[in-house]
>>> print(open('upload_11.txt').read())   # compact mmCIF, C-alpha atoms
# COMPACT_ATOMS: atom_id res chain seq x y z
CA MET A 212 0.61 -33.35 -7.46
CA PRO A 213 -2.73 -31.49 -7.37
CA LEU A 214 -3.45 -29.72 -4.10
CA ARG A 215 -6.81 -31.52 -3.75
CA ARG A 216 -5.03 -34.74 -2.80
CA PHE A 217 -3.93 -33.17 0.47
CA ILE A 218 -6.87 -30.86 1.31
CA THR A 219 -9.06 -31.91 4.22
CA GLU A 220 -11.17 -28.74 4.15
CA ILE A 221 -11.30 -25.62 1.98
CA THR A 222 -13.60 -22.61 1.81
CA ASP A 223 -13.75 -19.20 0.24
CA GLY A 224 -14.98 -15.97 1.78
CA PRO A 225 -18.57 -14.69 1.85
CA PHE A 226 -19.52 -13.01 -1.43
CA GLY A 227 -21.90 -10.25 -2.34
CA SER A 228 -23.81 -8.42 0.36
CA ALA A 229 -22.87 -10.95 3.05
CA LEU A 230 -19.69 -9.01 3.78
CA THR A 231 -19.11 -5.44 2.60
CA SER A 232 -17.19 -2.48 3.97
CA SER A 233 -20.41 -1.37 5.69
CA HIS A 234 -20.02 -4.33 8.05
CA TYR A 235 -16.54 -3.28 9.20
CA SER A 236 -15.92 -2.01 12.72
CA ASP A 237 -13.00 -0.70 14.76
CA GLU A 238 -12.56 -3.98 16.63
CA GLY A 239 -13.92 -7.49 16.83
CA ALA A 240 -13.07 -10.43 14.54
CA ARG A 241 -10.27 -9.99 12.00
CA VAL A 242 -11.10 -10.07 8.28
CA VAL A 243 -8.30 -11.61 6.20
CA ARG A 244 -8.14 -9.74 2.89
CA LEU A 245 -6.05 -10.01 -0.25
CA GLY A 246 -3.58 -7.44 1.07
CA ASN A 247 -2.75 -9.73 3.97
CA ILE A 248 -1.62 -12.57 1.72
CA GLY A 249 1.97 -12.02 0.64
CA PRO A 250 4.21 -14.57 -1.04
CA ALA A 251 4.71 -17.02 1.85
CA ALA A 252 4.34 -14.19 4.37
CA PHE A 253 1.32 -12.83 6.23
CA ARG A 254 1.10 -9.03 6.00
CA GLU A 255 -0.32 -7.12 8.93
CA GLU A 256 -0.84 -3.72 7.32
CA ASP A 257 -4.26 -4.29 5.69
CA VAL A 258 -6.29 -4.46 8.91
CA ALA A 259 -10.08 -4.80 9.04
CA PHE A 260 -12.58 -6.10 11.61
CA ILE A 261 -16.24 -7.05 11.90
CA PRO A 262 -18.33 -7.15 15.12
CA LEU A 263 -18.10 -10.40 17.04
CA ASP A 264 -21.86 -11.01 16.83
CA TYR A 265 -21.69 -10.85 13.03
CA PHE A 266 -18.65 -13.14 13.05
CA GLU A 267 -20.85 -15.83 14.61
CA ASP A 268 -23.05 -15.79 11.50
CA LEU A 269 -20.03 -16.32 9.23
CA GLN A 270 -18.12 -18.97 11.16
CA ARG A 271 -17.93 -21.41 8.26
CA HIS A 272 -15.39 -18.96 6.81
CA GLU A 273 -13.33 -18.97 10.03
CA VAL A 274 -9.54 -18.73 9.89
CA LYS A 275 -7.44 -20.37 12.60
CA PRO A 276 -3.69 -20.09 13.28
CA GLY A 277 -1.74 -22.33 10.92
CA ASP A 278 -4.39 -22.36 8.16
CA LEU A 279 -3.22 -22.04 4.56
CA LEU A 280 -4.43 -18.78 2.99
CA ILE A 281 -4.54 -18.55 -0.82
CA ALA A 282 -5.16 -15.43 -2.94
CA GLY A 283 -7.86 -16.01 -5.55
CA LEU A 284 -7.28 -12.66 -7.24
CA GLY A 285 -4.08 -11.11 -8.54
CA ASP A 286 -2.56 -8.38 -10.65
CA GLU A 287 0.78 -7.51 -12.24
CA ASN A 288 2.54 -7.09 -8.89
CA HIS A 289 0.61 -9.59 -6.76
CA PRO A 290 0.26 -13.00 -8.45
CA VAL A 291 -2.94 -14.94 -8.08
CA GLY A 292 -2.46 -18.22 -6.22
CA ARG A 293 0.16 -16.85 -3.83
CA ALA A 294 -0.20 -18.20 -0.31
CA CYS A 295 0.83 -17.81 3.29
CA VAL A 296 0.08 -19.34 6.68
CA ALA A 297 -2.24 -17.63 9.16
CA PRO A 298 -0.12 -16.44 12.11
CA ALA A 299 -0.54 -17.36 15.75
CA GLY A 300 -3.01 -15.17 17.58
CA ILE A 301 -5.03 -14.28 14.50
CA GLY A 302 -8.35 -15.50 15.86
CA PRO A 303 -11.17 -14.86 15.85
CA ALA A 304 -11.00 -14.25 12.10
CA ILE A 305 -12.68 -14.98 8.79
CA VAL A 306 -11.48 -15.01 5.21
CA LYS A 307 -12.89 -12.44 2.77
CA ALA A 308 -14.13 -12.92 -0.79
CA ASP A 309 -11.44 -13.76 -3.36
CA CYS A 310 -9.41 -15.45 -0.63
CA PHE A 311 -9.41 -19.16 0.24
CA ARG A 312 -8.73 -20.89 3.54
CA ALA A 313 -7.47 -24.46 3.32
CA ARG A 314 -6.58 -27.15 5.84
CA LEU A 315 -4.28 -29.96 4.79
CA ASP A 316 -3.29 -33.44 5.83
CA GLU A 317 -0.22 -32.21 7.72
CA ASP A 318 1.29 -35.71 7.81
CA ARG A 319 1.70 -35.59 4.02
CA LEU A 320 1.88 -31.89 3.13
CA THR A 321 2.74 -29.23 5.68
CA HIS A 322 0.94 -25.91 5.52
CA ARG A 323 4.19 -23.95 5.59
CA TYR A 324 5.78 -25.88 2.75
CA ALA A 325 2.57 -25.53 0.70
CA ALA A 326 2.71 -21.74 1.19
CA TRP A 327 6.28 -21.67 -0.16
CA ALA A 328 5.40 -23.89 -3.10
CA LEU A 329 2.30 -21.89 -4.03
CA SER A 330 4.35 -18.67 -3.92
CA SER A 331 6.95 -19.96 -6.38
CA ALA A 332 7.29 -18.86 -10.00
CA PHE A 333 6.70 -22.50 -10.96
CA VAL A 334 3.15 -22.26 -9.61
CA ALA A 335 2.60 -18.64 -10.71
CA GLN A 336 3.18 -19.57 -14.35
CA GLN A 337 0.92 -22.59 -14.03
CA VAL A 338 -1.90 -20.65 -12.37
CA GLN A 339 -1.66 -17.83 -14.91
CA ALA A 340 -2.68 -20.31 -17.61
CA MET A 341 -5.66 -21.42 -15.50
CA THR A 342 -7.03 -17.98 -14.65
CA ARG A 343 -9.96 -16.01 -15.96
CA GLY A 344 -10.57 -12.26 -15.87
CA SER A 345 -9.67 -9.56 -18.38
CA THR A 346 -8.06 -7.03 -16.04
CA ARG A 347 -7.18 -9.02 -12.91
CA ALA A 348 -6.40 -12.73 -12.91
CA ARG A 349 -8.91 -14.71 -10.88
CA ILE A 350 -9.35 -18.34 -9.85
CA ASN A 351 -12.19 -20.11 -8.06
CA LEU A 352 -12.15 -22.93 -5.53
CA ASP A 353 -12.27 -25.64 -8.19
CA VAL A 354 -9.19 -24.22 -9.90
CA ALA A 355 -7.38 -23.76 -6.58
CA ARG A 356 -7.86 -27.45 -5.81
CA GLU A 357 -6.19 -28.42 -9.10
CA ILE A 358 -3.00 -26.38 -8.64
CA ARG A 359 -0.07 -28.78 -8.92
CA ILE A 360 2.93 -28.42 -6.63
CA PRO A 361 6.10 -30.48 -6.10
CA VAL A 362 5.61 -32.64 -2.99
CA PRO A 363 8.82 -34.20 -1.63
CA ASP A 364 8.81 -36.38 1.46
CA ILE A 365 7.82 -34.73 4.73
CA GLU A 366 11.35 -34.39 6.05
CA GLU A 367 12.50 -32.65 2.89
CA GLN A 368 9.49 -30.33 3.12
CA ARG A 369 10.63 -29.32 6.59
CA ARG A 370 14.21 -28.79 5.48
CA ILE A 371 13.04 -26.58 2.59
CA THR A 372 10.76 -24.65 4.93
CA ASP A 373 13.54 -24.02 7.44
CA PHE A 374 16.00 -23.00 4.72
CA LEU A 375 13.62 -20.59 3.00
CA GLY A 376 12.48 -19.10 6.29
CA ALA A 377 16.06 -18.24 7.22
CA GLU A 378 17.26 -17.04 3.80
CA THR A 379 14.21 -14.98 2.81
CA GLY A 380 14.20 -13.53 6.32
CA LYS A 381 17.64 -12.05 5.63
CA ILE A 382 16.41 -10.54 2.36
CA ASP A 383 13.26 -9.12 3.96
CA HIS A 384 15.22 -7.67 6.87
CA LEU A 385 17.63 -5.85 4.56
CA VAL A 386 14.79 -4.34 2.54
CA SER A 387 13.00 -3.34 5.74
CA LYS A 388 16.13 -1.55 7.04
CA LYS A 389 16.51 0.45 3.84
CA ARG A 390 12.86 1.49 3.85
CA ARG A 391 13.08 2.43 7.51
CA LEU A 392 16.02 4.71 6.75
CA VAL A 393 13.89 6.61 4.22
CA GLU A 394 11.04 6.83 6.75
CA LEU A 395 13.39 8.29 9.36
CA LEU A 396 14.55 10.97 6.94
CA GLU A 397 10.93 11.82 6.17
CA GLU A 398 10.13 11.98 9.87
CA ARG A 399 13.07 14.31 10.43
CA ASN A 400 11.75 16.75 7.83
CA ASP A 401 8.24 16.53 9.25
CA SER A 402 9.59 17.27 12.73
CA ARG A 403 11.38 20.37 11.48
CA ILE A 404 8.17 21.66 9.94
CA LEU A 405 6.08 20.87 13.02
CA ARG A 406 8.57 22.70 15.22
CA HIS A 407 7.76 25.84 13.23
CA VAL A 408 4.06 25.17 13.73
CA GLY A 409 4.60 24.73 17.47
CA ALA A 410 6.59 27.97 17.71
CA SER A 411 3.97 29.97 15.81
CA ALA A 412 0.93 31.84 17.10
CA LEU A 413 -1.18 28.85 16.05
CA VAL A 414 0.12 27.00 19.13
CA ALA A 415 2.06 29.50 21.24
CA GLY A 416 -0.56 32.25 21.07
CA SER A 417 0.44 35.89 21.24
CA THR A 418 4.05 35.03 22.14
CA GLY A 419 4.50 32.88 19.05
CA VAL A 420 5.88 33.64 15.61
CA PRO A 421 3.33 35.53 13.47
CA VAL A 422 1.06 33.70 11.04
CA GLN A 423 -0.21 34.63 7.59
CA PRO A 424 -3.31 33.54 5.66
CA VAL A 425 -2.74 30.98 2.90
CA ARG A 426 -3.56 33.54 0.19
CA ARG A 427 -0.56 35.69 1.21
CA LEU A 428 1.82 32.76 1.08
CA LEU A 429 0.44 30.92 -1.94
CA ALA A 430 -0.99 32.40 -5.13
CA LYS A 431 -3.78 30.38 -6.75
CA THR A 432 -3.11 29.74 -10.44
CA VAL A 433 -5.76 28.79 -12.99
CA ARG A 434 -4.30 27.94 -16.39
CA PRO A 435 -6.44 26.79 -19.33
CA SER A 436 -6.33 23.06 -20.05
CA VAL A 437 -4.00 21.76 -22.75
CA ALA A 438 -5.04 19.18 -25.33
CA GLY A 439 -3.20 15.89 -25.64
CA VAL A 440 -1.74 15.66 -22.13
CA GLY A 441 -2.52 13.27 -19.30
CA THR A 442 -4.42 13.76 -16.06
CA VAL A 443 -2.51 14.88 -13.00
CA THR A 444 -3.75 13.39 -9.73
CA ALA A 445 -2.91 14.07 -6.09
CA TYR A 446 -2.68 10.77 -4.20
CA ARG A 447 -3.27 10.39 -0.48
CA ASP A 448 0.39 9.58 0.14
CA GLY A 449 1.32 13.09 -1.04
CA HIS A 450 2.52 12.00 -4.47
CA VAL A 451 1.24 14.24 -7.30
CA THR A 452 1.86 12.92 -10.78
CA GLU A 453 0.31 11.89 -14.08
CA ARG A 454 -2.29 9.25 -13.34
CA SER A 455 -1.15 6.72 -15.95
CA LEU A 456 2.18 6.43 -14.10
CA ARG A 457 0.51 5.00 -11.01
CA ARG A 458 -2.15 2.54 -9.94
CA ALA A 459 -5.81 3.55 -9.82
CA GLU A 460 -6.14 3.31 -6.03
CA GLY A 461 -5.22 6.06 -3.60
CA TYR A 462 -7.24 9.01 -4.76
CA THR A 463 -10.86 10.20 -4.88
CA LEU A 464 -12.54 10.94 -8.19
CA SER A 465 -13.88 14.47 -8.49
CA GLY A 466 -17.58 14.90 -7.91
CA SER A 467 -17.56 17.55 -10.62
CA THR A 468 -19.01 16.77 -14.05
CA GLU A 469 -16.87 19.50 -15.63
CA PRO A 470 -14.05 18.54 -18.01
CA GLN A 471 -10.49 18.39 -16.78
CA GLY A 472 -10.00 22.11 -16.64
CA GLN A 473 -6.62 23.22 -15.26
CA TYR A 474 -3.11 22.83 -16.58
CA VAL A 475 -0.50 21.79 -14.01
CA VAL A 476 3.29 22.03 -14.31
CA PRO A 477 6.05 20.48 -12.17
CA GLY A 478 6.61 22.52 -9.02
CA ASP A 479 2.97 23.52 -8.54
CA VAL A 480 1.50 22.98 -5.08
CA VAL A 481 -1.62 20.90 -5.72
CA ILE A 482 -4.42 20.61 -3.14
CA HIS A 483 -7.47 18.40 -3.61
CA GLY A 484 -10.48 20.42 -2.45
CA LEU A 485 -12.30 17.32 -1.17
CA ASP A 486 -9.65 14.67 -0.56
CA GLY A 487 -6.94 16.91 0.85
CA PHE A 488 -7.99 16.00 4.39
CA ALA A 489 -6.74 12.44 3.67
CA GLY A 490 -3.33 13.63 2.48
CA ALA A 491 -4.02 14.41 -1.21
CA ILE A 492 -1.74 17.46 -1.15
CA GLY A 493 1.71 17.77 -2.64
CA VAL A 494 3.94 19.16 -5.36
CA SER A 495 3.35 18.09 -8.94
CA GLU A 496 6.06 16.05 -10.62
CA ALA A 497 4.41 16.09 -14.04
CA PHE A 498 2.74 18.21 -16.69
CA GLY A 499 -0.94 17.59 -17.28
CA ASN A 500 -4.52 18.70 -16.69
CA CYS A 501 -6.37 18.37 -13.41
CA SER A 502 -9.97 18.85 -12.34
CA PRO A 503 -11.32 22.23 -11.18
CA VAL A 504 -11.82 20.60 -7.77
CA TYR A 505 -8.09 21.17 -7.14
CA HIS A 506 -6.39 24.32 -5.94
CA VAL A 507 -3.21 24.78 -7.99
CA CYS A 508 -0.83 27.23 -6.32
CA GLN A 509 2.63 28.73 -6.44
CA PRO A 510 4.54 30.16 -3.44
CA GLN A 511 4.81 33.90 -3.18
CA GLY A 512 7.91 35.87 -2.28
CA GLY A 513 10.35 33.17 -3.34
CA GLY A 514 8.90 30.54 -1.02
CA ASP A 515 9.58 26.84 -1.50
CA PRO A 516 6.79 24.65 -2.99
CA HIS A 517 7.96 21.43 -1.34
CA PHE A 518 7.94 23.10 2.04
CA PHE A 519 4.36 24.29 1.58
CA GLY A 520 3.21 20.99 0.07
CA ARG A 521 4.48 19.10 3.12
CA LEU A 522 3.27 21.73 5.62
CA LEU A 523 -0.27 21.68 4.26
CA ARG A 524 -0.33 17.89 4.09
CA LEU A 525 0.80 17.55 7.71
CA LEU A 526 -1.80 20.07 8.88
CA ALA A 527 -4.48 18.26 6.89
CA LEU A 528 -3.62 14.83 8.34
CA GLN A 529 -3.69 16.27 11.86
CA GLY A 530 -7.18 17.68 11.29
CA TYR A 531 -6.21 21.35 11.37
CA LEU A 532 -7.39 22.25 7.86
CA GLY A 533 -10.67 20.43 8.39
CA ASN A 534 -11.58 22.92 11.10
CA PHE A 535 -12.10 25.50 8.34
CA ALA A 536 -14.21 23.33 6.02
CA THR A 537 -17.75 24.26 5.04
CA SER A 538 -19.08 20.70 5.18
CA THR A 539 -18.23 17.04 4.77
CA ARG A 540 -19.15 15.01 1.73
CA GLU A 541 -18.69 11.28 1.26
CA ARG A 542 -16.11 11.19 4.09
CA ALA A 543 -14.31 14.12 2.44
CA VAL A 544 -13.72 17.49 4.05
CA ASP A 545 -14.89 20.20 1.67
CA PHE A 546 -12.61 23.18 1.20
CA ARG A 547 -13.11 23.76 -2.53
CA ASN A 548 -13.93 27.41 -1.88
CA TRP A 549 -10.65 29.30 -2.35
CA GLU A 550 -11.90 32.40 -0.52
CA LEU A 551 -12.45 30.26 2.55
CA PHE A 552 -9.32 28.13 2.13
CA GLY A 553 -7.19 31.21 1.45
CA ARG A 554 -8.03 32.63 4.88
CA ILE A 555 -6.58 29.66 6.81
CA PRO A 556 -3.63 30.90 8.92
CA LEU A 557 -0.22 29.27 8.46
CA PRO A 558 3.15 29.83 10.16
CA ASP A 559 5.18 32.55 8.46
CA VAL A 560 8.48 30.69 8.07
CA PRO A 561 11.54 32.58 6.73
CA VAL A 562 12.18 31.85 3.05
CA GLU A 563 15.71 30.56 3.63
CA GLU A 564 14.42 28.04 6.15
CA GLN A 565 11.69 27.01 3.70
CA ARG A 566 14.28 26.41 0.99
CA GLU A 567 16.52 24.38 3.28
CA ILE A 568 13.66 22.11 4.33
CA GLY A 569 12.39 21.92 0.74
CA ALA A 570 15.82 20.85 -0.50
CA ALA A 571 15.93 18.10 2.15
CA ILE A 572 12.49 16.87 1.03
CA ARG A 573 13.56 16.82 -2.63
CA ARG A 574 16.64 14.74 -1.85
CA ILE A 575 14.49 11.93 -0.47
CA ARG A 576 12.56 11.18 -3.67
CA PRO A 577 15.55 9.76 -5.64
CA LEU A 578 16.69 7.89 -2.54
CA ARG A 579 13.23 6.34 -2.15
CA GLU A 580 13.21 5.34 -5.82
CA LEU A 581 16.65 3.74 -5.40
CA VAL A 582 15.45 1.80 -2.36
CA GLU A 583 12.32 0.61 -4.19
CA ARG A 584 14.38 -0.54 -7.19
CA SER A 585 16.58 -2.43 -4.77
CA ALA A 586 13.46 -3.93 -3.14
CA ALA A 587 12.16 -5.04 -6.53
CA LEU A 588 15.44 -6.81 -7.28
CA ALA A 589 15.35 -8.40 -3.83
CA ALA A 590 11.81 -9.64 -4.49
CA GLU A 591 12.95 -11.22 -7.75
CA ARG A 592 15.84 -12.96 -5.99
CA ARG A 593 13.50 -14.06 -3.21
CA GLN A 594 11.13 -15.73 -5.65
CA ALA A 595 13.97 -17.29 -7.58
CA LEU A 596 15.25 -18.75 -4.33
CA ILE A 597 11.79 -20.10 -3.43
CA THR A 598 11.33 -21.60 -6.89
CA ALA A 599 14.76 -23.23 -6.89
CA ALA A 600 14.24 -24.74 -3.46
CA VAL A 601 10.77 -26.22 -4.03
CA THR A 602 11.64 -27.56 -7.51
CA GLY A 603 14.82 -29.26 -6.28
CA GLN A 604 17.32 -27.18 -8.28
CA PHE A 605 19.76 -27.45 -5.37
CA ASP A 606 20.15 -29.34 -2.12
CA VAL A 607 18.95 -27.16 0.76
CA SER A 608 20.84 -29.35 3.22
CA THR A 609 24.17 -28.02 1.92
CA ALA A 610 23.17 -24.62 0.48
CA SER A 611 24.08 -21.46 2.35
CA GLY A 612 21.81 -19.14 0.38
CA ARG A 613 24.80 -17.10 -0.82
CA ASN A 614 24.76 -16.93 -4.62
CA VAL A 615 22.45 -19.93 -4.55
CA THR A 616 20.30 -18.53 -7.37
CA GLU A 617 23.17 -18.24 -9.83
CA GLY A 618 22.56 -20.44 -12.86
CA ILE A 619 19.02 -21.41 -11.91
CA THR A 620 15.75 -20.54 -13.64
CA ALA A 621 12.99 -18.49 -12.05
>>> encode(input="upload_11.txt", output="structure tokens")
Amino acid sequence: MPLRRFITEITDGPFGSALTSSHYSDEGARVVRLGNIGPAAFREEDVAFIPLDYFEDLQRHEVKPGDLLIAGLGDENHPVGRACVAPAGIGPAIVKADCFRARLDEDRLTHRYAAWALSSAFVAQQVQAMTRGSTRARINLDVAREIRIPVPDIEEQRRITDFLGAETGKIDHLVSKKRRLVELLEERNDSRILRHVGASALVAGSTGVPVQPVRRLLAKTVRPSVAGVGTVTAYRDGHVTERSLRRAEGYTLSGSTEPQGQYVVPGDVVIHGLDGFAGAIGVSEAFGNCSPVYHVCQPQGGGDPHFFGRLLRLLALQGYLGNFATSTRERAVDFRNWELFGRIPLPDVPVEEQREIGAAIRRIRPLRELVERSAALAAERRQALITAAVTGQFDVSTASGRNVTEGITA
């Protein structure tokens, strides 16, 4: 049945200049954005606020606990039309542009069941045919109202909701545990590096381990660009790779109008001269050209590139490197000048210790990739389970969730 038969109220977020990033503040009323709307799960990581006095001007877009939240914009990894329920304690809050907030006749269609149904492959395929937009699929309020979902009786809706909550919770918990293991390994390596920082003259003063300027530990390399190769980019999460292999977000475009002017090879330490303060520092995993705004370096004296890439990134994120910048530009700390950057003191860590830490860092990348492949498979199984449950491919009253997706269609 079309969703409109059960909607008692629906609104989208304020468009245009009514709500932009310039209105955001550190606290106040929550802004529900696309990143918060996961398939039948509210995500807390994409946090934004507006001042409470401005919230009062936008109250027709208010979100309350239990409201149905629908994504009006999607991409390859985040389907348009996916939905979740606003959690308890969310208020005061409003919904942002490209998101919809709906309230339903709960006696006929529960908000939680609707979120599961809208997040199924059954609905995703239907909505895909209704969308507009050349690069990112988009729907408007009129289209959202016409989305058709299976609507069993209210008791069956509750049984499906309870079943999916329990079974997808197990899947999500397993994925979370695997990702947490990788995070703990990363934290262990970071702690080892920071212990060297703490023991150095940077922190311990004259009694600490000696320090050396960057230029004595890293040699800046400027190779001519090579035709026919891709663009290497340093992302804020420390990943340095060919840009076409990743999404567009997560890096700052160079302010330079010069052509892509430096050739980069795997193993180079790559430092963004403007965006490095935000974590855009790491070791290249790809061949390609990068902008002159980057410092491309190689360790001297047999040092380890992964050690230096992580050391510099940690010091940047903690604000240490920014103390040596000449200025700030568009929220970026400017250390494009190599003469200045090369004078920044760093701990002089023995080469063998560098190599040991570097080897530990390198071991994590394949483990992380393995975990993410596992997470992708879990996400596929999760959606297959949702789709099977809401389309009646099995009886949730007797299903255990174990091997329940065998023989069903996604």
>>> residues_around(input="upload_11.txt", residues="region 606-610 of chain A", least_positions_apart="3", cutoff="12 Å", atoms="all atoms listed in the file", output="list in words")
Glu366, Glu367, Gln368, Arg369, Arg370, Ile371, Thr372, Asp373, Phe374, Leu375, Gly376, Ala377, Glu378, Leu596, Ile597, Ala599, Ala600, Val601, Thr602, Gly603, Arg613, Asn614, Val615 and Thr616 of chain A
>>> residues_near_point(input="upload_11.txt", point="(-8.2, 19.2, -6.7)", cutoff="9 Å", atoms="only C-alpha atoms", output="number ranges by chain")
A: 444-445, 465, 481-487, 491-492, 501-507, 547
>>> residues_around(input="upload_11.txt", residues="Ala240 (chain A)", least_positions_apart="2", cutoff="7 Å", atoms="all atoms listed in the file", output="list in words")
Glu238, Val242, Phe260, Ile261, Pro262, Leu263, Phe266, Pro303 and Ala304 of chain A
>>> write_last_selection(input="upload_11.txt", atoms="C-alpha atoms", output="PDB file, in the coordinates of the input")
ATOM      1  CA  GLU A 238     -12.560  -3.980  16.630  1.00  0.00           C
ATOM      2  CA  VAL A 242     -11.100 -10.070   8.280  1.00  0.00           C
ATOM      3  CA  PHE A 260     -12.580  -6.100  11.610  1.00  0.00           C
ATOM      4  CA  ILE A 261     -16.240  -7.050  11.900  1.00  0.00           C
ATOM      5  CA  PRO A 262     -18.330  -7.150  15.120  1.00  0.00           C
ATOM      6  CA  LEU A 263     -18.100 -10.400  17.040  1.00  0.00           C
ATOM      7  CA  PHE A 266     -18.650 -13.140  13.050  1.00  0.00           C
ATOM      8  CA  PRO A 303     -11.170 -14.860  15.850  1.00  0.00           C
ATOM      9  CA  ALA A 304     -11.000 -14.250  12.100  1.00  0.00           C
TER      10      ALA A 304
END
>>> closest_residue(input="upload_11.txt", among="A:Ala340, A:Val393, A:Val243, A:Val475", to="Arg579 (chain A)", atoms="all atoms listed in the file")
A:Val393
>>> residues_around(input="upload_11.txt", residues="Gly472 (chain A)", least_positions_apart="3", cutoff="9 Å", atoms="all atoms listed in the file", output="number ranges by chain")
A: 433-437, 469, 500-503
>>> atom_distance(input="upload_11.txt", atom1="CA of Thr379 (chain A)", atom2="CA of Leu214 (chain A)")
24.0 Å
>>> closest_residue(input="upload_11.txt", among="A:Val560, A:Ala571, A:Ala328, A:Ala294", to="Val420 (chain A)", atoms="all atoms listed in the file")
A:Val560
>>> atom_distance(input="upload_11.txt", atom1="CA of Arg391 (chain A)", atom2="CA of Leu578 (chain A)")
12.0 Å
>>> residues_around(input="upload_11.txt", residues="region 221-236 of chain A", least_positions_apart="5", cutoff="6 Å", atoms="all atoms listed in the file", output="list in words")
Phe260, Ile261, His272, Val306, Lys307, Ala308, Cys310, Phe311, Arg312 and Ala313 of chain A
>>> closest_residue(input="upload_11.txt", among="A:Ala497, A:Leu526, A:Ala326, A:Leu315", to="Ile555 (chain A)", atoms="only C-alpha atoms")
A:Leu526
>>> residues_around(input="upload_11.txt", residues="Arg293 (chain A)", least_positions_apart="3", cutoff="9 Å", atoms="only C-alpha atoms", output="list in words")
Ile248, Gly249, Pro250, Ala251, Leu280, Ile281, Ala282, Gly283, Gly285, His289, Pro290, Ala326, Trp327, Ala328, Leu329, Ser330, Ser331, Val334 and Ala335 of chain A
>>> atom_distance(input="upload_11.txt", atom1="CA of Leu279 (chain A)", atom2="CA of Cys295 (chain A)")
6.0 Å
